[in-house]
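Dumped input.txt below, it's compact mmCIF, C-alpha atoms:
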# COMPACT_ATOMS: atom_id res chain seq x y z
CA MET T 1 109.19 30.34 129.27
CA SER T 2 108.97 26.56 129.10
CA GLU T 3 112.08 24.77 130.35
CA ALA T 4 111.88 22.55 127.24
CA ILE T 5 113.06 25.43 125.08
CA PHE T 6 116.55 25.26 126.63
CA THR T 7 117.00 21.66 125.52
CA GLU T 8 116.57 22.45 121.82
CA ALA T 9 119.76 21.79 119.85
CA ARG T 10 120.13 25.27 118.34
CA PHE T 11 120.38 26.80 121.82
CA ASN T 12 123.11 24.43 122.98
CA ASP T 13 125.09 23.21 119.96
CA GLU T 14 127.13 25.53 117.74
CA ASP T 15 126.73 23.45 114.57
CA ALA T 16 122.95 23.24 115.03
CA ALA T 17 122.81 26.99 115.66
CA ARG T 18 124.78 27.75 112.50
CA GLU T 19 122.64 25.42 110.40
CA HIS T 20 119.47 27.04 111.78
CA LEU T 21 120.72 30.54 110.96
CA GLU T 22 121.83 29.46 107.47
CA SER T 23 118.38 27.97 106.77
CA ILE T 24 116.76 31.30 107.66
CA ARG T 25 119.20 33.61 105.91
CA TRP T 26 119.82 31.36 102.89
CA PRO T 27 116.69 29.20 102.40
CA THR T 28 117.79 28.21 98.86
CA GLY T 29 121.53 27.92 99.55
CA PRO T 30 124.48 30.20 100.41
CA VAL T 31 124.68 33.66 98.84
CA CYS T 32 127.96 35.55 98.81
CA PRO T 33 127.52 38.78 100.80
CA HIS T 34 130.41 40.36 98.90
CA CYS T 35 129.26 39.95 95.28
CA GLY T 36 125.85 38.28 95.50
CA GLY T 37 127.09 35.14 93.74
CA VAL T 38 125.28 31.83 94.23
CA ASP T 39 126.65 29.44 91.60
CA ARG T 40 130.33 28.98 92.50
CA ILE T 41 130.20 28.67 96.26
CA GLY T 42 131.72 25.86 98.27
CA LYS T 43 132.88 25.22 101.78
CA SER T 44 136.41 26.40 102.49
CA GLN T 45 138.91 23.56 102.46
CA ALA T 46 141.54 25.37 104.54
CA LYS T 47 142.32 23.36 107.68
CA THR T 48 142.78 26.54 109.73
CA HIS T 49 139.26 27.77 109.07
CA ARG T 50 136.44 27.21 111.55
CA PRO T 51 133.34 25.28 110.42
CA GLY T 52 130.85 27.26 108.37
CA VAL T 53 133.32 29.24 106.26
CA TYR T 54 132.48 29.37 102.53
CA HIS T 55 134.52 30.37 99.48
CA CYS T 56 133.04 32.28 96.53
CA GLY T 57 134.54 31.33 93.16
CA ASP T 58 133.29 34.56 91.55
CA CYS T 59 134.91 37.17 93.80
CA ARG T 60 137.38 34.75 95.47
CA GLN T 61 136.42 35.93 98.95
CA GLN T 62 135.48 33.94 102.01
CA PHE T 63 132.46 34.44 104.23
CA SER T 64 130.24 32.87 106.84
CA VAL T 65 126.56 33.26 107.67
CA THR T 66 127.27 36.20 110.00
CA VAL T 67 129.13 38.36 107.46
CA GLY T 68 127.10 41.43 106.52
CA THR T 69 124.83 41.16 109.56
CA VAL T 70 124.58 42.60 113.07
CA MET T 71 126.51 39.49 114.19
CA GLU T 72 129.56 40.16 112.02
CA ASP T 73 132.90 39.96 113.88
CA THR T 74 131.15 38.58 116.94
CA LYS T 75 133.09 36.54 119.47
CA ILE T 76 129.87 35.32 121.07
CA LYS T 77 128.90 31.75 120.22
CA LEU T 78 126.02 31.54 117.75
CA HIS T 79 123.93 29.32 120.01
CA LYS T 80 124.09 32.07 122.64
CA TRP T 81 122.96 34.63 120.08
CA LEU T 82 119.97 32.46 119.21
CA LEU T 83 119.01 31.92 122.84
CA ALA T 84 119.22 35.65 123.60
CA ASN T 85 117.17 36.36 120.49
CA HIS T 86 114.47 33.90 121.57
CA LEU T 87 114.35 35.34 125.09
CA LEU T 88 113.94 38.89 123.77
CA CYS T 89 111.24 37.91 121.28
CA SER T 90 109.21 35.71 123.62
CA SER T 91 109.13 38.02 126.64
CA LYS T 92 106.09 40.31 126.33
CA LYS T 93 107.57 43.09 128.46
CA GLY T 94 111.19 42.62 127.38
CA CYS T 95 114.21 40.89 128.83
CA SER T 96 116.84 42.82 130.76
CA ALA T 97 120.55 42.62 129.98
CA LYS T 98 121.03 41.33 133.53
CA GLN T 99 118.69 38.42 132.80
CA ILE T 100 120.53 37.70 129.54
CA GLU T 101 123.82 37.78 131.44
CA ARG T 102 122.59 35.11 133.87
CA THR T 103 120.68 32.91 131.42
CA VAL T 104 122.99 32.99 128.40
CA GLY T 105 126.26 33.07 130.32
CA VAL T 106 127.98 36.24 129.10
CA THR T 107 129.19 39.40 130.82
CA TYR T 108 126.75 42.23 131.48
CA LYS T 109 128.53 44.50 128.99
CA THR T 110 128.32 41.80 126.31
CA ALA T 111 124.65 41.15 127.07
CA TRP T 112 123.82 44.87 126.86
CA PHE T 113 125.54 45.29 123.51
CA LEU T 114 124.10 42.04 122.15
CA MET T 115 120.56 43.20 122.95
CA HIS T 116 121.08 46.53 121.20
CA ARG T 117 122.34 44.69 118.11
CA LEU T 118 119.17 42.62 118.09
CA ARG T 119 117.07 45.77 118.44
CA GLU T 120 118.92 47.15 115.42
CA ALA T 121 117.82 44.05 113.48
CA MET T 122 114.20 44.93 114.30
CA LYS T 123 114.47 48.08 112.19
CA PRO T 124 112.50 47.74 108.91
CA ALA T 125 114.76 47.31 105.88
CA ALA T 126 112.57 49.52 103.68
CA ALA T 127 109.90 52.20 103.93
CA LEU T 128 106.64 50.84 105.30
CA PRO T 129 103.24 51.45 103.68
CA PRO T 130 100.96 53.91 105.49
CA LEU T 131 98.65 52.69 108.22
CA GLY T 132 94.89 52.85 107.84
CA GLN T 133 94.60 52.08 104.14
CA GLY T 134 91.09 51.18 103.01
CA GLY T 135 89.46 53.22 105.74
CA LYS T 136 90.86 51.31 108.71
CA VAL T 137 91.01 52.91 112.15
CA VAL T 138 94.33 54.34 113.36
CA GLU T 139 94.63 55.43 116.98
CA VAL T 140 97.19 58.11 117.87
CA ASP T 141 98.36 59.12 121.32
CA GLU T 142 101.46 60.17 123.19
CA THR T 143 102.93 59.22 126.54
CA PHE T 144 105.76 60.47 128.74
CA ILE T 145 108.47 58.45 130.41
CA GLY T 146 111.69 58.94 132.38
CA ARG T 147 113.37 62.30 132.88
CA LYS T 148 115.41 64.36 130.45
CA LYS T 149 119.08 64.62 131.39
CA GLY T 150 119.78 67.65 133.56
CA MET T 151 116.08 68.55 133.84
CA PRO T 152 114.67 69.02 137.36
CA LYS T 153 111.31 67.48 138.13
CA LYS T 154 108.51 69.90 137.26
CA HIS T 155 104.74 69.98 137.34
CA GLY T 156 103.43 68.38 134.14
CA TYR T 157 105.53 66.57 131.53
CA ALA T 158 108.12 69.09 130.32
CA HIS T 159 110.92 67.23 132.12
CA LYS T 160 109.98 63.82 130.65
CA HIS T 161 110.71 62.09 127.32
CA ALA T 162 107.78 62.08 124.92
CA VAL T 163 106.81 59.02 122.84
CA LEU T 164 104.24 59.16 120.03
CA THR T 165 102.51 55.92 118.96
CA LEU T 166 100.27 55.12 116.01
CA VAL T 167 98.31 51.85 116.20
CA GLU T 168 96.16 50.39 113.45
CA ARG T 169 93.35 48.44 115.08
CA GLY T 170 93.94 44.77 114.43
CA GLY T 171 97.33 45.59 112.91
CA GLU T 172 100.73 47.00 113.74
CA SER T 173 102.09 49.83 115.86
CA ARG T 174 104.72 52.49 115.12
CA SER T 175 106.29 54.50 117.91
CA PHE T 176 108.62 57.49 117.83
CA HIS T 177 110.69 59.31 120.42
CA ILE T 178 109.76 62.96 119.84
CA GLU T 179 111.16 66.21 121.21
CA SER T 180 107.76 67.41 122.47
CA ALA T 181 104.07 66.55 122.14
CA THR T 182 103.34 69.58 119.99
CA MET T 183 101.80 69.98 116.54
CA LYS T 184 105.28 70.76 115.18
CA ASP T 185 106.64 67.33 116.20
CA ILE T 186 103.50 65.20 115.86
CA ALA T 187 102.04 66.34 112.52
CA PRO T 188 104.94 65.33 110.20
CA ILE T 189 105.03 61.80 111.67
CA VAL T 190 101.27 61.28 111.41
CA ARG T 191 101.17 62.61 107.84
CA ALA T 192 104.07 60.36 106.77
CA ASN T 193 102.70 57.19 108.38
CA VAL T 194 98.91 57.36 108.12
CA SER T 195 96.86 57.05 104.93
CA LYS T 196 94.46 59.88 104.11
CA GLU T 197 91.77 57.16 103.88
CA ALA T 198 92.18 56.34 107.56
CA ARG T 199 89.70 56.99 110.33
CA LEU T 200 91.84 58.80 112.90
CA MET T 201 91.04 58.35 116.60
CA THR T 202 92.61 60.62 119.24
CA ASP T 203 91.86 62.23 122.56
CA GLU T 204 90.74 65.86 122.77
CA ALA T 205 94.28 67.35 122.68
CA LYS T 206 94.24 70.52 120.59
CA GLN T 207 97.22 69.48 118.43
CA TYR T 208 94.89 66.99 116.72
CA TRP T 209 92.03 69.40 115.95
CA ARG T 210 93.40 70.73 112.66
CA LEU T 211 95.44 67.64 111.85
CA GLY T 212 92.38 65.40 112.01
CA LYS T 213 90.70 67.32 109.18
CA GLU T 214 93.30 65.91 106.76
CA PHE T 215 91.90 62.36 107.11
CA ALA T 216 88.68 60.64 106.06
CA GLU T 217 87.29 60.89 109.59
CA HIS T 218 88.48 62.15 112.93
CA GLY T 219 86.95 60.85 116.14
CA GLN T 220 87.90 62.31 119.52
CA VAL T 221 87.09 61.23 123.06
CA GLU T 222 87.10 63.73 125.91
CA HIS T 223 89.09 62.07 128.65
CA SER T 224 88.98 65.24 130.75
CA ALA T 225 85.18 64.91 130.88
CA GLY T 226 85.35 61.23 131.86
CA GLU T 227 84.56 59.95 128.35
CA TYR T 228 86.55 56.95 127.16
CA VAL T 229 84.33 55.20 124.60
CA ARG T 230 81.64 56.52 122.26
CA GLY T 231 80.59 53.80 119.86
CA ASP T 232 83.82 52.78 118.12
CA VAL T 233 85.47 56.10 118.94
CA HIS T 234 88.18 55.44 121.53
CA THR T 235 91.95 55.20 122.04
CA ASN T 236 91.84 52.05 124.18
CA THR T 237 94.05 50.09 121.76
CA VAL T 238 96.97 52.51 121.87
CA GLU T 239 96.54 52.89 125.63
CA GLY T 240 96.77 49.10 125.93
CA PHE T 241 100.04 49.26 124.00
CA TYR T 242 101.34 51.89 126.42
CA SER T 243 100.34 49.74 129.37
CA VAL T 244 102.71 46.96 128.24
CA PHE T 245 105.38 49.46 127.16
CA LYS T 246 105.46 51.23 130.53
CA ARG T 247 105.42 48.00 132.55
CA GLY T 248 108.41 46.85 130.52
CA MET T 249 110.34 50.11 130.72
CA LYS T 250 109.75 50.57 134.44
CA GLY T 251 109.65 46.97 135.64
CA VAL T 252 112.19 45.27 133.36
CA TYR T 253 114.55 47.90 131.97
CA GLN T 254 114.07 50.42 134.80
CA HIS T 255 116.35 53.03 133.23
CA CYS T 256 116.86 54.11 129.63
CA GLY T 257 119.14 56.86 128.37
CA GLU T 258 117.61 59.33 125.93
CA GLN T 259 120.02 58.24 123.17
CA HIS T 260 118.69 54.67 123.34
CA LEU T 261 114.96 55.27 123.74
CA HIS T 262 114.26 54.94 120.01
CA ARG T 263 115.66 51.39 120.10
CA TYR T 264 113.49 50.36 123.04
CA VAL T 265 110.27 51.67 121.46
CA ARG T 266 111.24 49.78 118.29
CA GLU T 267 111.50 46.60 120.36
CA PHE T 268 107.96 46.98 121.76
CA ASP T 269 106.64 47.82 118.28
CA PHE T 270 108.27 44.69 116.87
CA ARG T 271 106.66 42.37 119.40
CA TYR T 272 103.27 44.09 119.13
CA SER T 273 103.27 44.03 115.33
CA ASN T 274 104.23 40.34 115.38
CA ARG T 275 101.96 39.13 118.17
CA GLU T 276 100.03 35.89 118.58
CA ARG T 277 96.71 37.57 117.75
CA LEU T 278 98.15 38.23 114.28
CA GLY T 279 99.17 34.57 113.96
CA VAL T 280 102.84 34.94 114.95
CA ASP T 281 104.08 32.69 117.76
CA ASP T 282 107.33 32.99 119.72
CA THR T 283 109.37 30.84 117.32
CA GLU T 284 108.11 32.65 114.20
CA ARG T 285 108.76 36.02 115.85
CA ALA T 286 112.34 35.01 116.68
CA GLU T 287 112.90 33.78 113.12
CA LYS T 288 111.51 37.01 111.68
CA LEU T 289 114.04 38.98 113.70
CA LEU T 290 116.83 36.75 112.39
CA ARG T 291 115.70 37.51 108.84
CA GLY T 292 116.23 41.18 109.67
CA ILE T 293 119.90 40.91 110.70
CA GLU T 294 121.24 41.37 107.17
CA GLY T 295 122.74 44.66 106.03
CA LYS T 296 122.81 46.20 109.50
CA ARG T 297 125.80 46.92 111.69
CA LEU T 298 126.14 48.46 115.12
CA THR T 299 129.43 49.27 116.84
CA TYR T 300 130.16 50.32 120.41
CA ARG T 301 130.94 53.83 119.12
CA ARG T 302 127.58 54.13 117.33
CA ILE T 303 125.58 52.65 120.21
CA ASP T 304 126.99 55.14 122.71
CA ALA T 305 126.53 58.11 120.39
Output the file's structure as structure tokens, nothing else.
Amino acid sequence: MSEAIFTEARFNDEDAAREHLESIRWPTGPVCPHCGGVDRIGKSQAKTHRPGVYHCGDCRQQFSVTVGTVMEDTKIKLHKWLLANHLLCSSKKGCSAKQIERTVGVTYKTAWFLMHRLREAMKPAAALPPLGQGGKVVEVDETFIGRKKGMPKKHGYAHKHAVLTLVERGGESRSFHIESATMKDIAPIVRANVSKEARLMTDEAKQYWRLGKEFAEHGQVEHSAGEYVRGDVHTNTVEGFYSVFKRGMKGVYQHCGEQHLHRYVREFDFRYSNRERLGVDDTERAEKLLRGIEGKRLTYRRIDA
């Protein structure tokens, strides 16, 4: 990352950070998170209140820009939140909690929890439309990573965590931590997330034979026979996604507990679905994440569950 980024006011000054967050969350002015009021809102006049506290004349409650977000009740300075957010969003393979600890200047425990809160903000606020509408190509594949708790190393993948990923060529990705790479676990996810109009592309795995018949077209490549591309039939796009995902998980994060894997795959989906090739630069990606902080909470108890 360019050293110039660290000199920007919002990453060093608390007032600038708060104003930046307010401009993203409230582009047309403050909105009360308690009652939704917008007309009778003013800055609190109480001398004991910190800067940035507002008073709603409708419900008579006070609030700040972090109320009702993943940052609510935080003791971390806002400019540190914004710097951590930018680091996470601009690092292609992720940014470890240890790196956040050193760069942002917080404890490791704080950095770890902060990053999981930001990953929670990456979660879509509403149901997403199916991939592949209008006959677009959707590639589907699965990969295996880590080792299941208490499972000895075995031949094959039974001892590893399975991740299923759907990628629309030229579009977004959606990944899921699944129990096993079987028809039982794969089919419901594909049916719920892929349009029947889609051209489905997979490898020759038998769990896709029957499933593929439910879509407009099903192309398969036989990797076991050394075939990787046949015309526009291939799974190179989803394999490229996995290449970045695995380099990040092994090289940056190194270890991930099973209970947190769904948050890490969400992080890689977020960056992939908001990448430069789709016209989203680092700053826009960071701002999009900040627009997703509303209505989401994450506590230490929930994160360890």
Margin query: Please report the interatomic distance between CA of Val70 in chain T and CA of Leu118 in chain T in Å with one decimal.
Written below: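 Going from CA of Val70 in chain T over to CA of Leu118 in chain T, I get 7.4 Å.
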Margin query: Show me, as a PyMOL selection string, the residues that have an atom within 7 Å of range 157-164 of chain T when counting only C-alpha atoms, minus same-chain residues fewer than 2 positions from it.
Written below: chain T and resi 141-148+151-155+166+175-181
Next item on the list: Skip Cys56 in chain T itself and residues of its chain fewer than 2 positions away, then list as a PyMOL selection string all residues within 12 Å of it, counting only C-alpha atoms.
Entry: chain T and resi 30-44+53-54+58-64
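Considering only C-alpha atoms, the residue among T:Glu168, T:Glu227, T:Glu287, T:Glu294 positioned nearest to Arg117 in chain T is T:Glu294.
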Pick out the residues sitting within 12 Å of Lys296 in chain T, and hand them over as a CSV table (one decimal) with C-alpha atoms, keeping the file's coordinate frame; count only C-alpha atoms, and ignore anything fewer than 3 positions along from it in its own chain.
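What ended up in out_15.csv:
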chain,number,residue,atom,x,y,z
T,66,THR,CA,127.3,36.2,110.0
T,67,VAL,CA,129.1,38.4,107.5
T,68,GLY,CA,127.1,41.4,106.5
T,69,THR,CA,124.8,41.2,109.6
T,70,VAL,CA,124.6,42.6,113.1
T,71,MET,CA,126.5,39.5,114.2
T,72,GLU,CA,129.6,40.2,112.0
T,116,HIS,CA,121.1,46.5,121.2
T,117,ARG,CA,122.3,44.7,118.1
T,118,LEU,CA,119.2,42.6,118.1
T,119,ARG,CA,117.1,45.8,118.4
T,120,GLU,CA,118.9,47.2,115.4
T,121,ALA,CA,117.8,44.0,113.5
T,122,MET,CA,114.2,44.9,114.3
T,123,LYS,CA,114.5,48.1,112.2
T,124,PRO,CA,112.5,47.7,108.9
T,125,ALA,CA,114.8,47.3,105.9
T,290,LEU,CA,116.8,36.8,112.4
T,291,ARG,CA,115.7,37.5,108.8
T,292,GLY,CA,116.2,41.2,109.7
T,293,ILE,CA,119.9,40.9,110.7
T,299,THR,CA,129.4,49.3,116.8
Check: Could you work out how far CA of Asp15 in chain T lies from CA of Gly52 in chain T, giving the answer in Å with one decimal?
Finding: 8.4 Å
Within 12 Å of Thr237 in chain T, counting all atoms listed in the file, which residues show up once you throw out same-chain ones fewer than 4 positions away? Write them as a PDB file with C-alpha atoms, in the frame of the given file, please.
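Generated file (out_11.pdb):
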ATOM      1  CA  VAL T 137      91.010  52.910 112.150  1.00  0.00           C
ATOM      2  CA  VAL T 138      94.330  54.340 113.360  1.00  0.00           C
ATOM      3  CA  GLU T 139      94.630  55.430 116.980  1.00  0.00           C
ATOM      4  CA  VAL T 140      97.190  58.110 117.870  1.00  0.00           C
ATOM      5  CA  ASP T 141      98.360  59.120 121.320  1.00  0.00           C
ATOM      6  CA  THR T 165     102.510  55.920 118.960  1.00  0.00           C
ATOM      7  CA  LEU T 166     100.270  55.120 116.010  1.00  0.00           C
ATOM      8  CA  VAL T 167      98.310  51.850 116.200  1.00  0.00           C
ATOM      9  CA  GLU T 168      96.160  50.390 113.450  1.00  0.00           C
ATOM     10  CA  ARG T 169      93.350  48.440 115.080  1.00  0.00           C
ATOM     11  CA  GLY T 170      93.940  44.770 114.430  1.00  0.00           C
ATOM     12  CA  GLY T 171      97.330  45.590 112.910  1.00  0.00           C
ATOM     13  CA  GLU T 172     100.730  47.000 113.740  1.00  0.00           C
ATOM     14  CA  SER T 173     102.090  49.830 115.860  1.00  0.00           C
ATOM     15  CA  MET T 201      91.040  58.350 116.600  1.00  0.00           C
ATOM     16  CA  THR T 202      92.610  60.620 119.240  1.00  0.00           C
ATOM     17  CA  TYR T 228      86.550  56.950 127.160  1.00  0.00           C
ATOM     18  CA  VAL T 229      84.330  55.200 124.600  1.00  0.00           C
ATOM     19  CA  ASP T 232      83.820  52.780 118.120  1.00  0.00           C
ATOM     20  CA  VAL T 233      85.470  56.100 118.940  1.00  0.00           C
ATOM     21  CA  PHE T 241     100.040  49.260 124.000  1.00  0.00           C
ATOM     22  CA  TYR T 242     101.340  51.890 126.420  1.00  0.00           C
ATOM     23  CA  SER T 243     100.340  49.740 129.370  1.00  0.00           C
ATOM     24  CA  VAL T 244     102.710  46.960 128.240  1.00  0.00           C
ATOM     25  CA  TYR T 272     103.270  44.090 119.130  1.00  0.00           C
TER      26      TYR T 272
END
Put range 109-126 of chain T into a file with C-alpha atoms, as a compact mmCIF listing (two decimals), in the first residue's frame.
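Generated output (selection13.txt):
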# COMPACT_ATOMS: atom_id res chain seq x y z
CA LYS T 109 -7.19 -9.47 20.82
CA THR T 110 -8.71 -6.13 19.82
CA ALA T 111 -7.41 -6.46 16.25
CA TRP T 112 -8.82 -9.98 15.92
CA PHE T 113 -12.27 -8.95 17.14
CA LEU T 114 -12.24 -5.75 15.06
CA MET T 115 -11.55 -7.75 11.88
CA HIS T 116 -14.40 -10.15 12.58
CA ARG T 117 -16.76 -7.20 13.07
CA LEU T 118 -15.73 -5.86 9.68
CA ARG T 119 -16.29 -9.28 8.12
CA GLU T 120 -19.78 -9.23 9.64
CA ALA T 121 -20.39 -5.92 7.83
CA MET T 122 -19.56 -7.67 4.54
CA LYS T 123 -22.66 -9.83 4.90
CA PRO T 124 -25.40 -8.80 2.41
CA ALA T 125 -28.30 -6.99 4.08
CA ALA T 126 -30.90 -8.72 1.89
